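**Student:** Can you read through this structure? Questions will come right after.
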Amino acid sequence: MTFNSTRGFHLEGESKDLAAPKPSGLERLCEVEADRIHVAPPEEGIERIDARFHGNGFTPHRHDTYAIGLTMSGVQTFSYRGERRASLPGQVIVIHPDELHDGGAGTERGLRYRMIYIPPELICETLAASSGNARLPFIGSPVISDAGFRKDLADALTDIDHEMGPFRRDCLIADLAACLARHADDRMAGVSSLNWPSLKACAEYLREGCADRIAMEELEDLAQMDRFSLSRQFRKVFGTSPHRYLVMRRLEKAKTELHQGASLADAAFASGFADQSHLTRHFKRTFGMTPGHWRQLCAASMA
């Protein structure tokens, strides 16, 4: 399925571009921005990007974070939970952790969007502290028209060349957690009796030792619970299994290595993958593109 057909999508209502005004006439016809991804400095596991694509941007993939985005210009199309979706400028997109999705431009003019990736444990812990009911909010419809949500998200996605800082970051997480809870499916049951200290310790152990071989027995000893209870509680807080959490931390390390100029083979070795082929398979499955393509798009944003 391609992403450059305008069939079924109309730029009406909230469809005014939120990005800078474009030139008109012949100048506009001649101007075509290159595909690119601009990545903000990561903070406490939170990532922010500003991206532009024409056609199909990402093949089907999954994150272990909430992916919360704002369409800036064009039409953003994606498949999610068995349905084809479309987001217009000003609309918010919410992708739940570990949900398969793709993405691209729905018209020939291309697409620009901004996205923030938030570890689900930050949302879960914030809601537990405020309401005593720890849960991961699930949004049934991934495309939302909500002026308040849009404002909170826009505040987080401005000036992404600079870090937010602890105070702004903490306020953002609280605001976005409240927005997610407001739109969540009320049928989701609350989570009780979670062993927060043990779960956090396991996550930190996986993060710090992501390049090493880790056995499930090590996590059982650390958490003082059996692997079945650990896996069940871990998924409720982190949105994925301990193994996939480990793979994601390895991919984060590999991206850092690649961004700093390491070869694919060296990045694979430094981040705990068997070889560059092993890294490439996991990278494409997770981010919807090869490591080489990702690095090329990042480099284009610096040109």
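Residues in the structure tokens are named by chain (A, B, ... in the order shown) and by number from 1 within that chain; ligands are numbered from 1 in the order shown.
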Need to verify the contact set: region 137-142 of chain A, 7 Å, only C-alpha atoms, exclusion of same-chain residues closer than 5 positions in sequence. Can you return it as a count of residues only?
**Tutor:** 9
**Student:** Considering only C-alpha atoms, return as a list in words whatever protein or nucleic-acid residues lie within 9 Å of region 270-272 of chain A, sequence-local ones (same chain, fewer than 4 positions apart) excluded.
**Tutor:**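 Non-adjacent residues within range: Cys210, Ala211, Asp212, Arg213, Val247, Arg249, Arg250, Leu251, Glu252, Lys253, Ala254, Glu257, Ala265, Asp266 and Leu279 of chain A.
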**Student:** CA of Ser231 (chain A) and CA of Arg285 (chain A) are how many Å apart?
**Tutor:**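 Straight-line distance from CA of Ser231 (chain A) to CA of Arg285 (chain A) works out to 22.0 Å.
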**Student:** So that I can check the surroundings of Cys298 (chain A), please list as a PDB file with C-alpha atoms, in the first residue's frame every protein, DNA and RNA residue that reaches within 12 Å of it, counting only C-alpha atoms and ignoring chain neighbours fewer than 4 positions away.
**Tutor:**
```pdb
ATOM      1  CA  ALA A  34      14.129  16.638   1.297  1.00  0.00           C
ATOM      2  CA  ASP A  35      13.039  13.873   3.653  1.00  0.00           C
ATOM      3  CA  ARG A  36      14.745  14.242   7.020  1.00  0.00           C
ATOM      4  CA  ILE A  37      14.557  13.553  10.749  1.00  0.00           C
ATOM      5  CA  HIS A  38      15.766  16.083  13.276  1.00  0.00           C
ATOM      6  CA  VAL A  39      16.367  14.470  16.676  1.00  0.00           C
ATOM      7  CA  ALA A  40      16.380  16.453  19.922  1.00  0.00           C
ATOM      8  CA  ILE A  49      11.780  14.478  16.699  1.00  0.00           C
ATOM      9  CA  ASP A  50      10.795  16.825  13.874  1.00  0.00           C
ATOM     10  CA  ALA A  51      10.374  14.840  10.647  1.00  0.00           C
ATOM     11  CA  ARG A  52       9.440  15.406   7.005  1.00  0.00           C
ATOM     12  CA  LYS A 255      21.582   4.784  17.638  1.00  0.00           C
ATOM     13  CA  THR A 256      23.885   6.815  19.872  1.00  0.00           C
ATOM     14  CA  LEU A 258      25.762   5.517  14.891  1.00  0.00           C
ATOM     15  CA  HIS A 259      24.972   9.183  15.518  1.00  0.00           C
ATOM     16  CA  GLN A 260      28.528   9.627  16.788  1.00  0.00           C
ATOM     17  CA  GLY A 261      29.943   8.168  13.575  1.00  0.00           C
ATOM     18  CA  PRO A 291      20.147   1.929  10.275  1.00  0.00           C
ATOM     19  CA  GLY A 292      21.722   3.372   7.129  1.00  0.00           C
ATOM     20  CA  HIS A 293      18.501   5.089   6.061  1.00  0.00           C
ATOM     21  CA  TRP A 294      17.969   6.455   9.584  1.00  0.00           C
ATOM     22  CA  MET A 302      22.018  18.907   9.624  1.00  0.00           C
ATOM     23  CA  ALA A 303      22.677  20.002   6.033  1.00  0.00           C
TER      24      ALA A 303
END
```
**Student:** For Leu122 (chain A), which residue among A:Met225, A:Leu206, A:Val237, A:Leu88 is the nearest when counting only C-alpha atoms?
**Tutor:**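 Ranking A:Met225, A:Leu206, A:Val237, A:Leu88 by distance to Leu122 (chain A), first place goes to A:Val237.
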**Student:** As a PyMOL selection string, which residues of region 10-187 of chain A does DSSP assign to alpha helix (DSSP H)?
**Tutor:** chain A and resi 25-30+120-131+147-157+166-183
**Student:** Separation of CA of Ala201 (chain A) and CA of Ala156 (chain A), in Å?
**Tutor:**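 About the pair CA of Ala201 (chain A) and CA of Ala156 (chain A): they are 28.3 Å apart.
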**Student:** From the set A:Arg295, A:Met289, A:His101, A:Leu70, which residue has the shortest atom-to-atom contact distance to Ser263 (chain A), counting only C-alpha atoms?
**Tutor:**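 That would be A:Arg295, the residue with the smallest distance to Ser263 (chain A).
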**Student:** Excluding Cys179 (chain A) and any residue of its chain fewer than 5 positions from it, enumerate the residues within 12 Å of it, using only C-alpha atoms, and give them as a ChimeraX atom specification.
**Tutor:** /A:68,92,94,123,127,137-139,144-153,172-174,184
**Student:** Separation of CA of Pro42 (chain A) and CA of Ala299 (chain A), in Å?
**Tutor:** 17.1 Å
